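Source file: final27.cif (mmCIF, C-alpha atoms and all ligand atoms)
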```
data_input
#
loop_
_atom_site.label_atom_id
_atom_site.label_comp_id
_atom_site.auth_asym_id
_atom_site.auth_seq_id
_atom_site.Cartn_x
_atom_site.Cartn_y
_atom_site.Cartn_z
CA MET K 1 -73.27 165.69 58.25
CA SER K 2 -75.23 167.53 55.57
CA THR K 3 -72.25 169.64 54.46
CA ARG K 4 -70.22 166.47 54.16
CA ALA K 5 -72.94 164.80 52.09
CA VAL K 6 -72.89 167.73 49.68
CA SER K 7 -69.11 167.61 49.29
CA LYS K 8 -69.30 163.86 48.70
CA THR K 9 -71.49 164.28 45.67
CA ASN K 10 -68.84 166.43 43.99
CA HIS K 11 -66.66 163.45 43.17
CA SER K 12 -69.11 160.56 43.26
CA THR K 13 -70.82 158.91 40.38
CA GLU K 14 -74.58 159.42 40.07
CA LYS K 15 -75.13 155.94 41.38
CA SER K 16 -73.46 156.50 44.73
CA GLN K 17 -75.17 159.81 45.43
CA THR K 18 -78.28 158.13 46.71
CA LYS K 19 -76.68 156.36 49.67
CA SER K 20 -73.88 157.11 52.06
CA PRO K 21 -70.64 155.17 51.47
CA ILE K 22 -70.28 151.86 53.29
CA ARG K 23 -68.07 152.18 56.33
CA ILE K 24 -69.40 149.44 58.60
CA VAL K 25 -68.46 145.90 59.53
CA PRO K 26 -71.59 143.90 58.70
CA LEU K 27 -72.93 141.15 60.95
CA HIS K 28 -71.65 137.60 60.52
CA PRO K 29 -72.42 135.56 58.44
CA HIS K 30 -71.82 137.94 55.57
CA VAL K 31 -72.38 136.89 51.99
CA ARG K 32 -71.16 139.24 49.29
CA ASP K 33 -73.70 140.02 46.59
CA ALA K 34 -72.72 137.63 43.78
CA ALA K 35 -74.39 139.92 41.25
CA ALA K 36 -72.11 142.85 42.15
CA PRO K 37 -69.34 143.66 39.66
CA ALA K 38 -65.86 142.29 40.43
CA PRO K 39 -64.24 144.37 43.17
CA HIS K 40 -61.79 147.09 42.28
CA LEU K 41 -60.97 150.06 44.46
CA THR K 42 -60.37 153.41 42.78
CA TYR K 43 -58.85 156.49 44.37
CA ARG K 44 -61.10 159.56 44.73
CA ASN K 45 -58.38 162.12 45.60
CA GLY K 46 -59.25 162.45 49.30
CA PRO K 47 -56.89 162.17 52.27
CA LEU K 48 -55.13 158.95 53.32
CA LEU K 49 -53.64 158.18 56.74
CA THR K 50 -50.04 157.63 55.66
CA ASN K 51 -48.51 156.98 59.09
CA VAL K 52 -51.51 156.55 61.33
CA GLU K 53 -51.28 157.85 64.90
CA LEU K 54 -53.85 155.81 66.77
CA PHE K 55 -55.35 156.60 70.16
CA THR K 56 -57.68 154.19 71.95
CA LEU K 57 -60.52 155.51 74.08
CA PHE K 58 -62.51 153.08 76.23
CA TRP K 59 -65.72 154.84 77.17
CA GLY K 60 -67.49 154.11 80.47
CA ALA K 61 -66.57 153.07 84.01
CA ALA K 62 -67.23 149.41 83.11
CA TRP K 63 -63.78 149.43 81.48
CA GLN K 64 -62.34 149.69 85.02
CA GLU K 65 -63.68 146.22 85.85
CA ALA K 66 -60.88 143.66 85.73
CA ALA K 67 -62.08 141.58 82.77
CA ASN K 68 -62.79 144.64 80.67
CA THR K 69 -59.54 146.36 81.63
CA GLN K 70 -57.74 143.22 80.54
CA LEU K 71 -59.53 143.34 77.19
CA SER K 72 -58.56 147.00 76.77
CA GLN K 73 -54.92 146.12 77.43
CA GLN K 74 -55.12 143.25 74.95
CA MET K 75 -56.50 145.61 72.32
CA ASN K 76 -53.69 148.09 72.98
CA SER K 77 -51.11 145.30 72.58
CA PHE K 78 -52.88 144.25 69.39
CA PHE K 79 -52.56 147.75 67.92
CA ASP K 80 -48.91 148.01 69.00
CA PHE K 81 -48.25 144.82 67.06
CA ILE K 82 -50.44 145.35 64.03
CA LEU K 83 -49.40 148.94 63.28
CA THR K 84 -45.86 147.85 62.40
CA SER K 85 -46.86 144.54 60.82
CA GLN K 86 -47.28 143.00 57.39
CA LEU K 87 -50.91 144.17 57.47
CA LEU K 88 -49.78 147.77 57.06
CA ASP K 89 -47.07 146.76 54.59
CA GLN K 90 -49.73 145.34 52.30
CA LEU K 91 -51.57 148.68 52.26
CA ALA K 92 -48.58 150.29 50.51
CA GLU K 93 -50.12 149.35 47.17
CA TYR K 94 -52.64 152.12 47.88
CA SER K 95 -49.97 154.81 48.18
CA VAL K 96 -50.36 157.67 45.70
CA PRO K 97 -47.90 160.40 44.67
CA GLY K 98 -47.19 162.51 47.76
CA LYS K 99 -49.04 160.08 50.05
CA SER K 100 -46.99 157.01 50.92
CA ILE K 101 -48.72 154.58 53.28
CA GLY K 102 -46.33 153.14 55.86
CA HIS K 103 -46.34 151.94 59.43
CA GLY K 104 -48.20 153.68 62.21
CA LYS K 105 -48.07 153.80 65.96
CA ARG K 106 -50.36 153.85 68.96
CA ILE K 107 -49.82 157.17 70.70
CA GLY K 108 -51.85 156.54 73.84
CA THR K 109 -54.94 155.20 75.53
CA LYS K 110 -57.55 156.31 78.01
CA ILE K 111 -60.34 154.76 80.02
CA LEU K 112 -62.96 157.48 80.20
CA ALA K 113 -64.80 156.76 83.45
CA THR K 114 -66.20 160.22 84.15
CA SER K 115 -68.96 159.96 81.59
CA GLU K 116 -71.12 157.08 80.36
CA PRO K 117 -72.28 156.19 76.86
CA GLY K 118 -75.49 154.71 78.34
CA LYS K 119 -77.56 151.87 76.91
CA SER K 120 -77.82 153.53 73.53
CA VAL K 121 -75.43 156.07 72.05
CA GLN K 122 -75.80 158.02 68.84
CA ASP K 123 -72.96 158.73 66.47
CA SER K 124 -73.51 162.44 67.12
CA ALA K 125 -72.72 161.86 70.82
CA ILE K 126 -69.47 160.11 69.87
CA GLN K 127 -68.48 163.04 67.71
CA SER K 128 -69.39 165.45 70.54
CA LEU K 129 -67.32 163.45 73.01
CA LEU K 130 -64.27 163.59 70.76
CA LYS K 131 -64.78 167.30 70.24
CA SER K 132 -64.97 168.04 73.96
CA GLU K 133 -62.06 165.73 74.87
CA LEU K 134 -59.96 167.46 72.23
CA ALA K 135 -61.06 170.91 73.40
CA ASN K 136 -60.20 170.00 77.00
CA GLY K 137 -56.85 168.59 75.98
CA THR K 138 -57.69 165.27 77.64
CA ILE K 139 -56.83 163.34 74.47
CA PRO K 140 -53.92 164.16 72.13
CA PRO K 141 -54.63 166.86 69.54
CA ALA K 142 -55.62 165.73 66.07
CA ASN K 143 -53.38 166.00 63.05
CA ALA K 144 -53.74 164.65 59.50
CA ASN K 145 -52.71 161.15 60.64
CA SER K 146 -54.75 160.95 63.85
CA LEU K 147 -57.26 158.17 64.32
CA TYR K 148 -59.30 157.78 67.50
CA PHE K 149 -60.65 154.29 68.16
CA VAL K 150 -63.60 154.49 70.57
CA PHE K 151 -64.58 151.24 72.31
CA PHE K 152 -67.91 150.74 74.08
CA PRO K 153 -68.68 148.65 77.17
CA PRO K 154 -70.96 145.59 77.25
CA GLY K 155 -74.62 146.58 77.01
CA THR K 156 -74.18 149.76 74.97
CA GLN K 157 -75.82 149.83 71.56
CA VAL K 158 -74.28 152.23 69.06
CA LYS K 159 -76.52 153.94 66.51
CA GLN K 160 -75.37 155.47 63.25
CA GLY K 161 -77.36 156.61 60.24
CA GLY K 162 -80.54 154.78 61.32
CA ALA K 163 -78.63 151.53 61.88
CA ALA K 164 -77.61 149.89 65.17
CA SER K 165 -74.80 147.70 66.46
CA CYS K 166 -75.53 143.99 66.80
CA LYS K 167 -78.54 144.57 64.56
CA ASP K 168 -76.97 146.01 61.43
CA PHE K 169 -73.24 146.40 62.09
CA CYS K 170 -70.30 145.51 64.35
CA GLY K 171 -68.31 148.71 63.95
CA TYR K 172 -67.70 151.63 61.63
CA HIS K 173 -65.34 154.47 60.93
CA ASP K 174 -66.05 158.00 59.84
CA ALA K 175 -64.84 161.59 59.89
CA THR K 176 -66.38 164.53 61.71
CA PRO K 177 -67.27 167.61 59.64
CA ASP K 178 -63.87 169.07 60.62
CA ASP K 179 -62.00 165.91 59.62
CA ILE K 180 -61.41 164.23 62.97
CA PHE K 181 -61.05 160.58 61.97
CA TYR K 182 -62.49 157.95 64.30
CA ALA K 183 -63.75 154.40 64.55
CA ALA K 184 -66.63 153.28 66.77
CA MET K 185 -66.30 149.75 68.12
CA PRO K 186 -69.31 148.41 70.05
CA PHE K 187 -68.68 145.53 72.44
CA PRO K 188 -69.22 142.32 70.43
CA GLY K 189 -71.98 141.02 72.68
CA CYS K 190 -74.03 139.15 70.08
CA PRO K 191 -73.52 136.14 67.78
CA GLY K 192 -73.55 138.40 64.68
CA CYS K 193 -70.52 140.32 65.95
CA LEU K 194 -68.68 137.35 67.45
CA GLY K 195 -68.80 135.52 64.14
CA GLY K 196 -68.40 132.10 65.73
CA ILE K 197 -65.04 132.99 67.30
CA ALA K 198 -64.04 134.18 70.78
CA LEU K 199 -64.40 137.74 72.04
CA LEU K 200 -60.81 138.93 71.55
CA PRO K 201 -60.31 137.55 68.02
CA ALA K 202 -63.74 138.89 67.01
CA LEU K 203 -62.78 142.36 68.22
CA THR K 204 -59.31 142.26 66.64
CA SER K 205 -60.85 141.13 63.36
CA THR K 206 -63.43 143.90 63.21
CA SER K 207 -60.86 146.44 64.46
CA SER K 208 -58.40 145.46 61.70
CA HIS K 209 -61.24 145.91 59.17
CA GLU K 210 -61.94 149.46 60.39
CA LEU K 211 -58.26 150.31 60.77
CA CYS K 212 -57.45 149.45 57.16
CA GLU K 213 -60.52 151.31 55.93
CA ALA K 214 -59.71 154.38 58.00
CA ILE K 215 -56.18 154.42 56.54
CA THR K 216 -57.22 153.97 52.90
CA ASP K 217 -60.54 155.85 52.99
CA PRO K 218 -60.57 158.15 56.06
CA ILE K 219 -63.44 160.22 54.68
CA PRO K 220 -65.71 157.40 53.51
CA GLY K 221 -66.03 157.41 49.74
CA GLN K 222 -63.30 160.03 49.17
CA GLY K 223 -60.23 157.76 49.35
CA TRP K 224 -59.99 154.23 47.92
CA TYR K 225 -63.53 153.07 47.25
CA ASP K 226 -65.59 150.79 45.03
CA ASP K 227 -69.07 152.09 44.24
CA SER K 228 -70.52 148.57 44.12
CA ASN K 229 -68.54 146.81 46.83
CA GLY K 230 -67.54 149.51 49.31
CA GLU K 231 -64.20 149.88 51.09
CA ILE K 232 -61.13 147.66 51.36
CA GLY K 233 -62.47 145.65 54.30
CA ASP K 234 -66.09 145.37 53.17
CA ILE K 235 -65.17 143.20 50.21
CA CYS K 236 -63.56 140.64 52.54
CA ALA K 237 -65.85 140.94 55.57
CA TRP K 238 -65.43 138.11 58.11
CA LYS K 239 -62.71 136.34 56.11
CA THR K 240 -60.01 136.07 58.74
CA LYS K 241 -56.41 134.94 59.08
CA GLN K 242 -53.85 134.69 61.84
CA LEU K 243 -51.00 137.21 61.96
CA GLY K 244 -48.63 136.55 64.84
CA PRO K 245 -50.81 135.90 67.87
CA TYR K 246 -53.78 137.81 66.46
CA THR K 247 -56.82 137.15 64.31
CA ILE K 248 -57.24 139.81 61.64
CA GLN K 249 -59.51 140.25 58.68
CA LEU K 250 -58.38 139.81 55.07
CA GLU K 251 -58.33 143.01 53.03
CA TRP K 252 -58.96 143.54 49.33
CA SER K 253 -55.84 143.82 47.16
CA ASN K 254 -56.26 145.39 43.72
CA SER K 255 -52.88 144.03 42.65
CA ALA K 256 -53.63 140.49 43.80
CA GLY K 257 -57.23 140.68 42.63
CA ASN K 258 -58.20 138.94 45.82
CA CYS K 259 -58.66 139.18 49.58
CA ILE K 260 -55.22 138.74 51.14
ZN ZN V 301 -66.14 148.29 56.26
#
```
The structure given in the file should be rewritten as structure tokens.
Amino acid sequence: MSTRAVSKTNHSTEKSQTKSPIRIVPLHPHVRDAAAPAPHLTYRNGPLLTNVELFTLFWGAAWQEAANTQLSQQMNSFFDFILTSQLLDQLAEYSVPGKSIGHGKRIGTKILATSEPGKSVQDSAIQSLLKSELANGTIPPANANSLYFVFFPPGTQVKQGGAASCKDFCGYHDATPDDIFYAAMPFPGCPGCLGGIALLPALTSTSSHELCEAITDPIPGQGWYDDSNGEIGDICAWKTKQLGPYTIQLEWSNSAGNCI
């Protein structure tokens, strides 16, 4: 990611050069730093996912077990609902000339049972997996709107940038050096990632957080970002609401000046 880090500094303020942009869902309970300046996202001229084409990948044979398969189907139904919902409508305020954010769609799903993430999986292995699946044609080819959501089975800890799931974060999104956009969603098998709610609503909440961030800031720090407060979902972490049958996270609205 060193080439990416270099390109990031081109547009960033001095202050943000020292650390990589926030792209994670923090553990619950999350208290925003009261000393931080009032949130306001500004656009850094990078790509946006205007009509996201989302593919879900459930990594590991454990997803073939009945309870986990059911959860995977519930998450697919969640995306089918949410991608044409009010949640995406509200992101339209972050449209810019030539990039109009509208509804998206889920273009497919796969349970990947022929390889295992293991007890601990590094971000680099997730990027390698996507690269090889794309090269083999076993997942749909990437375009400028593609977003691959990778879900992990119970017992797998995901590691990214020296941090770990259920220790430091509950999910994140990022871009590979060749701009393949993806989200990594560890199984919420700890109190910090369940946030006092049940498994499915916890996972839909954190997934909505990463979805909205991937749409508005697909290359972290190069889309809509706030140097003090992070991305659209970070500002409202673990503030949830019900939309239809699903629990989702509130997202920051510049126009409302609030989490909505
Ligand atoms: Zn975030």
Selection: 7 Å around Trp252 (chain K), all atoms listed in the file, excl. self and same-chain fewer than 3 positions, as JSON, numbers by chain: {"K": [232, 233, 235, 236, 258, 259, 260]}
Counting all atoms listed in the file, the option among K:Phe79, K:Trp224, K:Tyr172, K:Phe151 closest to ligand ZN 301 (chain V): K:Tyr172
Close residues to ligand ZN 301 (chain V) using all atoms listed in the file, limit 9 Å, as an NGL selection string: :K and (22-26 or 171-173 or 206 or 209-210 or 212-213 or 230-237)
Atomic separation - CA of Ala144 (chain K) relative to CA of Asn51 (chain K), Å: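 Interatomic distance here is 9.3 Å.
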At what distance in Å, to one decimal, does CA of Ile180 (chain K) lie from CA of Ser132 (chain K)?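 That distance, rounded to one decimal, is 12.2 Å.
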Excluding same-chain residues fewer than 6 positions from region 63-76 of chain K, what lies within 10 Å of it counting all atoms listed in the file, as a tab-separated table (two decimals) with C-alpha atoms, in the coordinates of the input?
```
chain	number	residue	atom	x	y	z
K	54	LEU	CA	-53.85	155.81	66.77
K	55	PHE	CA	-55.35	156.60	70.16
K	56	THR	CA	-57.68	154.19	71.95
K	57	LEU	CA	-60.52	155.51	74.08
K	82	ILE	CA	-50.44	145.35	64.03
K	106	ARG	CA	-50.36	153.85	68.96
K	108	GLY	CA	-51.85	156.54	73.84
K	109	THR	CA	-54.94	155.20	75.53
K	110	LYS	CA	-57.55	156.31	78.01
K	111	ILE	CA	-60.34	154.76	80.02
K	112	LEU	CA	-62.96	157.48	80.20
K	113	ALA	CA	-64.80	156.76	83.45
K	151	PHE	CA	-64.58	151.24	72.31
K	152	PHE	CA	-67.91	150.74	74.08
K	153	PRO	CA	-68.68	148.65	77.17
K	154	PRO	CA	-70.96	145.59	77.25
K	199	LEU	CA	-64.40	137.74	72.04
K	200	LEU	CA	-60.81	138.93	71.55
K	201	PRO	CA	-60.31	137.55	68.02
K	203	LEU	CA	-62.78	142.36	68.22
K	204	THR	CA	-59.31	142.26	66.64
K	207	SER	CA	-60.86	146.44	64.46
```
I'd like the contact shell of Gly161 (chain K) - 10 Å cut-off, all atoms listed in the file, skipping same-chain residues fewer than 2 positions apart - returned as a list in words.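 Here the answer would be Ser20, Gln122, Asp123, Ser124, Lys159, Ala163 and Ala164 of chain K.
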Go ahead and compute the interatomic distance for CA of Gly98 (chain K) and CA of Asp174 (chain K), in Å to one decimal.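 Computing it gives 22.8 Å between the two atoms.
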If we count only C-alpha atoms and set the cut-off at 10 Å, which residues sit around region 215-222 of chain K, ignoring sequence neighbours fewer than 5 positions away in its own chain? Please answer as a PyMOL selection string. chain K and resi 4+7-12+16+20-23+42-52+88+91-92+94-95+101-102+104+145-147+173-177+179-183+210+227+230-233
What lies within 9 Å of Pro188 (chain K) using all atoms listed in the file, ignoring chain neighbours under 4 positions off, as a ChimeraX atom specification? /K:154,165-166,170,192-194,199,202-203
Which residue out of K:Lys241, K:His103, K:Lys119, K:His40 has the minimum interatomic distance to Gln86 (chain K) when only C-alpha atoms are used?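 Looking at the shortest contact to Gln86 (chain K), the residue is K:His103.
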Residue nearest Val31 (chain K) - candidates K:Pro186, K:Asp89, K:Ala214, K:Lys239, atoms counted: all atoms listed in the file: K:Lys239
Selected residue, from K:Pro141, K:Gly60, K:Gly223, K:Pro37, that lies nearest to Thr114 (chain K) when counting only C-alpha atoms: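 So, comparing all the options, the nearest one is K:Gly60.
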